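Written out below as C-alpha cells is the structure these notes cover.
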Amino acid sequence: MFDVFETIAKLAAVHSPAGFETPITEVLTELATPYADEIRVDALGNLIVYRKADAVQDGDYAPKKVMLSAHMDSIGMIVTHIDENGFIRFSNIGGLSPATILNIPVKFANGTRGVVAKDGKVEIKDLKINDLYIDIGAGSKEEAQKYVSVADVAVFASETYRVGQTRIVSPYMDDRIACVVLLKVLESIRDSKNDLYFVFSSQEEVGIRGAKTAAFSIEPDVGLAVDVTSTGDTPDMKVPMECSIGKGAAIKVMDASLICSPKIVRTLESIAKEYEIKHQFEVLQHGGTDAGAIQLARAGAHVGAVSIPTRYIHSPQEMCDEEDVKAACALIGLFVANELEPKTN
Ligand SMILES: [Zn+2]
C-alpha cells in the first residue's frame with residue numbers, strides 16, 4: 001500500500017516544474033503501472049492512466065467515463081540572465097511571491113544548489129521577482145556557466161518532514177499530495193462501475209493547461225479534480241475562510257475557476273455522511289484548479305473537486321494533515337467506483 005508520508009516525500013523530491021514534467025512522469029508511471037489497464041502520455045505531457053470498469057453492472061447502468069485529475073507540475077524558477085559576478089537572475093514559473101522565496105534554498109536539475117537573495121537597496125515590501133537573484137557560490141560568470149545555463153529551471157530544495165501528531169510539511173504538497181491521493185485511490189479500487197481515467201496533469205501552475213487537452217481527449221461524463229486549498233486557520237488571516245487543516249477532506253463548492261456541479265457536491269456530501277468520512281466545504285476566493293478546465297471541455301462535463309486543506313501554499317514549507325489525505329482517498333474511492341447520474345445537474 002502506498003504510504004502517505006513515504007510517497008509524498010518521494011514525489012516532492014522530484015525536479016519537475018511546469019513544462020518540464022518528464023522526471024515526475026517517469027516516477028508516477030512506475031508507481032501506477034501495476035494497477036493500470038492502459039497508460040499514455042499526450043502531447044502536452046499529461047500522464048493518463050486508464051482503469052477500465054469491472055463487469056459488476058446491475059440492471060441497465062452503463063459505465064460512465066470519470067476523469068480524476070491531479071496536477072503533477074510544480075512552481076519553479078527559470079534562468080533569464082547570469083551577470084558578470086556569477087549571480088543568476090530568473091523569472092517565475094507559476095505563482096511565486098518574491099517575499100516568500102527570499103533566502104530559501106533552491107536546486108537545479110543537475111544538482112547545483114543555491115540560495116535566493118535580493119538586491120541590497122530594495123525594501124522587502126517593494127520586492128519584485130527581478131530584484132531577486134540566485135547565488136550558487138560562483139565567483140564569476142564563467143564559473144557560474146559551468147553549472148547553470150540560461151533557461152535552466154530550479155525548484156525549492158527543502159525536505160519533507162513530520163510535525164505534530166499527524167501533520168506533514170513538504171515543498172510541493174501542491175500538488176504532489178493529490179498525486180498521492182490518486183495513486184492510493186487507484187490501488188484501492190475494486191469492482192468499479194465506471195471507466196476511470198487518472199490524469200496526472202501538466203502545466204496547471206501556469207494556467208490550467210494540461211487538463212484542457214486531457215479532458216478534450218477523454219471526453220468525461222464526470223470530472224473530479226484533487227488539489228490543495230487554502231485555509232483560514234492561522235493568525236490574522238486577511239481573507240476569511242472556514243477551511244482548516246485536520247477537519248477533513250474539503251468538498252469544493254466554488255473557486256475563481258469554477259462553480260462545481262451542485263449534483264456532484266451533494267453526492268460527495270451524502271457519501272461522506274453515510275460513511276462517516278470527515279469533511280468540510282471549500283469556498284476559495286482566489287485560485288483555480290483542473291476541474292475548471294474539465295467543466296468547459298467540448299460540450300461540458302459535470303465536475304467537482306476534493307481538496308486537501310494546506311497552509312503556506314506556494315512556499316517551500318507547505319503543511320497539511322495526513323488524516324485529511326486519508327479522508328479524501330476514502331471519499332473519492334467511493335464516489336468514482338459507484339453509480340453516477342451525470343445527466344442531471
Ligand atoms: Zn495546485
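Each chain of the C-alpha cells is named A, B, ... in the order shown, its residues numbered from 1; ligands are numbered from 1 in display order.
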- Message: Neighbouring residues of ligand 1 are defined here as those with any atom at most 12 Å from a ligand atom, counting only C-alpha atoms and all ligand atoms; list them as a PyMOL selection string.
- Response: chain A and resi 17-18+69-75+94-95+172-179+200-208+225-230+286-291+305-310+313-314+318
- Using DSSP on the backbone, list every residue of stretch 85-308 of chain A that comes out as helix (DSSP H, G or I), and give them as a PyMOL selection string. chain A and resi 98-101+124-126+129-131+141-145+173-188+210-218+262-274+290-295
- Backbone DSSP call of strand (DSSP E or B) for stretch 13-107 of chain A, listed as JSON, numbers by chain: {"A": [17, 38, 39, 40, 41, 47, 48, 49, 50, 51, 65, 66, 67, 68, 69, 70, 71, 74, 76, 77, 78, 79, 80, 81, 82, 88, 89, 90, 91, 92, 93, 105, 106, 107]}
Please save N, CA, C and O atoms of the selected residues as a tab-separated table (two decimals), in the first residue's frame.
```tsv
chain	number	residue	atom	x	y	z
A	17	PRO	N	9.24	21.22	-12.54
A	17	PRO	CA	8.32	22.37	-12.61
A	17	PRO	C	7.48	22.32	-13.89
A	17	PRO	O	7.75	21.51	-14.79
A	38	GLU	N	-4.13	0.67	-19.06
A	38	GLU	CA	-3.51	1.37	-20.19
A	38	GLU	C	-2.87	2.65	-19.64
A	38	GLU	O	-3.45	3.30	-18.76
A	39	ILE	N	-1.72	3.00	-20.18
A	39	ILE	CA	-1.07	4.27	-19.76
A	39	ILE	C	-0.58	4.99	-21.01
A	39	ILE	O	-0.02	4.37	-21.90
A	40	ARG	N	-0.83	6.30	-21.07
A	40	ARG	CA	-0.25	7.07	-22.18
A	40	ARG	C	0.11	8.47	-21.71
A	40	ARG	O	-0.39	8.95	-20.69
A	41	VAL	N	0.98	9.08	-22.49
A	41	VAL	CA	1.36	10.48	-22.24
A	41	VAL	C	0.96	11.25	-23.49
A	41	VAL	O	1.32	10.87	-24.60
A	47	LEU	N	-0.01	12.66	-18.06
A	47	LEU	CA	0.08	11.21	-17.91
A	47	LEU	C	-1.34	10.69	-17.64
A	47	LEU	O	-1.97	11.08	-16.65
A	48	ILE	N	-1.85	9.85	-18.54
A	48	ILE	CA	-3.24	9.39	-18.43
A	48	ILE	C	-3.25	7.89	-18.15
A	48	ILE	O	-2.79	7.09	-18.97
A	49	VAL	N	-3.73	7.53	-16.97
A	49	VAL	CA	-3.74	6.14	-16.52
A	49	VAL	C	-5.18	5.66	-16.55
A	49	VAL	O	-6.03	6.17	-15.81
A	50	TYR	N	-5.44	4.68	-17.40
A	50	TYR	CA	-6.81	4.20	-17.58
A	50	TYR	C	-7.04	2.92	-16.79
A	50	TYR	O	-6.24	1.99	-16.84
A	51	ARG	N	-8.16	2.91	-16.05
A	51	ARG	CA	-8.54	1.73	-15.28
A	51	ARG	C	-9.97	1.42	-15.69
A	51	ARG	O	-10.91	2.15	-15.37
A	65	LYS	N	-17.75	7.63	-17.93
A	65	LYS	CA	-16.33	7.97	-18.01
A	65	LYS	C	-16.03	9.03	-16.95
A	65	LYS	O	-16.59	10.13	-16.96
A	66	VAL	N	-15.18	8.66	-16.01
A	66	VAL	CA	-14.84	9.58	-14.92
A	66	VAL	C	-13.36	9.97	-15.05
A	66	VAL	O	-12.49	9.11	-15.12
A	67	MET	N	-13.13	11.26	-15.12
A	67	MET	CA	-11.75	11.76	-15.17
A	67	MET	C	-11.36	12.34	-13.82
A	67	MET	O	-11.98	13.29	-13.35
A	68	LEU	N	-10.36	11.73	-13.19
A	68	LEU	CA	-9.79	12.31	-11.97
A	68	LEU	C	-8.54	13.06	-12.38
A	68	LEU	O	-7.78	12.58	-13.23
A	69	SER	N	-8.31	14.21	-11.80
A	69	SER	CA	-7.15	14.99	-12.23
A	69	SER	C	-6.41	15.60	-11.05
A	69	SER	O	-7.00	16.25	-10.20
A	70	ALA	N	-5.11	15.34	-11.01
A	70	ALA	CA	-4.22	15.97	-10.02
A	70	ALA	C	-3.01	16.48	-10.80
A	70	ALA	O	-2.42	15.72	-11.58
A	71	HIS	N	-2.67	17.74	-10.63
A	71	HIS	CA	-1.53	18.22	-11.43
A	71	HIS	C	-0.21	17.79	-10.82
A	71	HIS	O	-0.03	17.81	-9.60
A	74	SER	N	5.00	21.57	-10.76
A	74	SER	CA	5.16	22.44	-9.59
A	74	SER	C	5.52	23.84	-10.07
A	74	SER	O	5.81	24.05	-11.25
A	76	GLY	N	8.21	27.01	-10.04
A	76	GLY	CA	9.66	26.98	-10.09
A	76	GLY	C	10.24	28.29	-10.61
A	76	GLY	O	9.53	29.30	-10.69
A	77	MET	N	11.52	28.25	-10.94
A	77	MET	CA	12.24	29.44	-11.41
A	77	MET	C	12.99	29.09	-12.68
A	77	MET	O	13.55	28.00	-12.78
A	78	ILE	N	13.03	30.02	-13.65
A	78	ILE	CA	13.75	29.76	-14.90
A	78	ILE	C	14.77	30.87	-15.12
A	78	ILE	O	14.46	32.06	-14.98
A	79	VAL	N	15.99	30.47	-15.44
A	79	VAL	CA	17.11	31.42	-15.54
A	79	VAL	C	16.95	32.32	-16.77
A	79	VAL	O	16.72	31.84	-17.88
A	80	THR	N	17.07	33.64	-16.54
A	80	THR	CA	16.96	34.60	-17.64
A	80	THR	C	18.31	35.23	-17.99
A	80	THR	O	18.52	35.69	-19.11
A	81	HIS	N	19.23	35.29	-17.02
A	81	HIS	CA	20.48	36.03	-17.24
A	81	HIS	C	21.47	35.67	-16.13
A	81	HIS	O	21.08	35.47	-14.98
A	82	ILE	N	22.75	35.59	-16.50
A	82	ILE	CA	23.80	35.40	-15.49
A	82	ILE	C	24.73	36.61	-15.57
A	82	ILE	O	25.25	36.92	-16.64
A	88	ILE	N	22.67	34.84	-10.59
A	88	ILE	CA	21.72	34.33	-11.59
A	88	ILE	C	20.36	34.99	-11.44
A	88	ILE	O	19.73	34.89	-10.37
A	89	ARG	N	19.92	35.67	-12.49
A	89	ARG	CA	18.58	36.27	-12.50
A	89	ARG	C	17.60	35.25	-13.06
A	89	ARG	O	17.97	34.41	-13.89
A	90	PHE	N	16.35	35.36	-12.63
A	90	PHE	CA	15.37	34.35	-13.05
A	90	PHE	C	13.97	34.94	-13.16
A	90	PHE	O	13.68	36.01	-12.63
A	91	SER	N	13.13	34.21	-13.86
A	91	SER	CA	11.70	34.55	-13.91
A	91	SER	C	10.92	33.43	-13.23
A	91	SER	O	11.46	32.35	-12.97
A	92	ASN	N	9.67	33.72	-12.93
A	92	ASN	CA	8.86	32.73	-12.24
A	92	ASN	C	8.17	31.78	-13.22
A	92	ASN	O	7.76	32.19	-14.29
A	93	ILE	N	8.06	30.51	-12.80
A	93	ILE	CA	7.16	29.57	-13.48
A	93	ILE	C	6.01	29.36	-12.50
A	93	ILE	O	6.19	28.72	-11.47
A	105	PRO	N	16.52	27.93	0.02
A	105	PRO	CA	17.41	27.12	-0.81
A	105	PRO	C	16.71	26.60	-2.06
A	105	PRO	O	15.52	26.25	-2.00
A	106	VAL	N	17.42	26.57	-3.18
A	106	VAL	CA	16.85	26.03	-4.42
A	106	VAL	C	17.86	25.07	-5.05
A	106	VAL	O	19.04	25.07	-4.69
A	107	LYS	N	17.36	24.25	-5.98
A	107	LYS	CA	18.28	23.34	-6.68
A	107	LYS	C	17.90	23.25	-8.15
A	107	LYS	O	16.73	23.33	-8.52
```
- Within 12 Å of A:Val115, counting only C-alpha atoms, which residues qualify if same-chain residues fewer than 6 places away don't, as a PyMOL selection string? chain A and resi 87-89+101-108+132-138+154-158
- Message: Which residues are close to A:Ala214, i.e. within 7 Å by only C-alpha atoms, leaving aside same-chain residues fewer than 4 positions away? Reply as number ranges by chain.
- Response: A: 46, 210, 218
- Can you pull out every residue within 9 Å of A:Ile24, counting only C-alpha atoms, but drop anything in the same chain fewer than 4 positions away, and send it as a PyMOL selection string? chain A and resi 11+14-16+20+28-29+72-73
Near A:Arg266, within 12 Å and counting only C-alpha atoms, which residues show up once chain neighbours fewer than 3 positions away are dropped, as a compact mmCIF listing (two decimals) with N, CA, C and O atoms, in the first residue's frame?
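Dumped everything to around25.txt:
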```txt
# COMPACT_ATOMS: atom_id res chain seq x y z
N ILE A 251 -14.72 19.48 0.35
CA ILE A 251 -15.54 19.35 -0.86
C ILE A 251 -15.70 20.75 -1.44
O ILE A 251 -16.29 21.63 -0.82
N LYS A 252 -15.12 20.93 -2.63
CA LYS A 252 -15.14 22.27 -3.22
C LYS A 252 -16.53 22.63 -3.72
O LYS A 252 -17.21 21.81 -4.34
N VAL A 253 -16.95 23.86 -3.43
CA VAL A 253 -18.20 24.39 -3.97
C VAL A 253 -17.89 25.41 -5.06
O VAL A 253 -18.52 25.43 -6.11
N CYS A 260 -18.78 24.36 -8.86
CA CYS A 260 -18.94 22.92 -9.05
C CYS A 260 -20.40 22.56 -9.29
O CYS A 260 -21.31 23.25 -8.82
N SER A 261 -20.62 21.44 -10.01
CA SER A 261 -21.99 20.99 -10.26
C SER A 261 -22.65 20.66 -8.92
O SER A 261 -22.13 19.84 -8.15
N PRO A 262 -23.80 21.27 -8.62
CA PRO A 262 -24.46 21.01 -7.34
C PRO A 262 -24.71 19.52 -7.09
O PRO A 262 -24.58 19.03 -5.97
N LYS A 263 -25.04 18.81 -8.16
CA LYS A 263 -25.29 17.37 -8.04
C LYS A 263 -24.05 16.63 -7.52
O LYS A 263 -24.15 15.73 -6.68
N GLU A 269 -21.16 14.91 -0.58
CA GLU A 269 -21.58 15.14 0.81
C GLU A 269 -22.34 13.95 1.36
O GLU A 269 -22.09 13.51 2.49
N SER A 270 -23.22 13.38 0.55
CA SER A 270 -24.02 12.26 1.08
C SER A 270 -23.16 11.02 1.31
O SER A 270 -23.37 10.28 2.27
N ILE A 271 -22.16 10.80 0.45
CA ILE A 271 -21.24 9.67 0.68
C ILE A 271 -20.46 9.91 1.98
O ILE A 271 -20.32 9.00 2.82
N ALA A 272 -19.96 11.12 2.15
CA ALA A 272 -19.18 11.44 3.36
C ALA A 272 -20.01 11.23 4.62
O ALA A 272 -19.53 10.68 5.62
N LYS A 273 -21.30 11.63 4.56
CA LYS A 273 -22.17 11.45 5.73
C LYS A 273 -22.44 9.98 5.98
O LYS A 273 -22.34 9.50 7.11
N PHE A 281 -16.66 22.03 3.70
CA PHE A 281 -16.88 22.64 2.39
C PHE A 281 -15.82 23.71 2.13
O PHE A 281 -15.35 24.37 3.05
N VAL A 303 -18.71 18.44 -12.93
CA VAL A 303 -17.44 18.36 -12.21
C VAL A 303 -17.56 18.74 -10.74
O VAL A 303 -18.48 19.45 -10.32
N GLY A 304 -16.61 18.23 -10.00
CA GLY A 304 -16.44 18.60 -8.60
C GLY A 304 -14.96 18.55 -8.28
O GLY A 304 -14.14 18.28 -9.16
N ALA A 305 -14.65 18.83 -7.05
CA ALA A 305 -13.25 18.74 -6.64
C ALA A 305 -13.19 18.43 -5.14
O ALA A 305 -14.06 18.85 -4.37
N PHE A 335 -16.83 7.51 -4.35
CA PHE A 335 -17.53 8.31 -5.35
C PHE A 335 -17.32 7.76 -6.76
O PHE A 335 -18.28 7.53 -7.49
N LEU A 340 -23.20 6.71 -11.00
CA LEU A 340 -23.27 8.17 -11.07
C LEU A 340 -24.38 8.55 -12.03
O LEU A 340 -24.65 7.83 -12.98
N GLU A 341 -25.00 9.67 -11.78
CA GLU A 341 -26.06 10.15 -12.69
C GLU A 341 -25.63 11.49 -13.26
O GLU A 341 -26.06 12.53 -12.79
N ASN A 345 -28.25 17.94 -13.44
CA ASN A 345 -27.40 18.86 -12.70
C ASN A 345 -27.77 18.89 -11.23
O ASN A 345 -27.55 19.78 -10.50
```
- Long-range neighbours of A:Lys128 as a list of chain:residue names, 9 Å cut-off, only C-alpha atoms, 3 positions minimum in chain: A:Ser97, A:Pro98, A:Ala99, A:Ile124, A:Asp131, A:Leu132
Keeping only C-alpha atoms, write the selected residues to a file as a PDB file, in the first residue's frame.
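Written output follows (result-v2.pdb):
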```pdb
ATOM      1  CA  SER A  97       5.712  35.652  -4.203  1.00  0.00           C
ATOM      2  CA  PRO A  98       9.109  37.434  -4.019  1.00  0.00           C
ATOM      3  CA  ALA A  99       8.966  37.914  -0.238  1.00  0.00           C
ATOM      4  CA  ILE A 124      11.146  43.781   1.248  1.00  0.00           C
ATOM      5  CA  ASP A 131      15.036  42.252  -7.627  1.00  0.00           C
ATOM      6  CA  LEU A 132      15.974  38.680  -6.708  1.00  0.00           C
TER       7      LEU A 132
END
```
- For atom CA of A:Glu274 and atom CA of A:Ala330, the interatomic separation in Å (one decimal): 11.9 Å
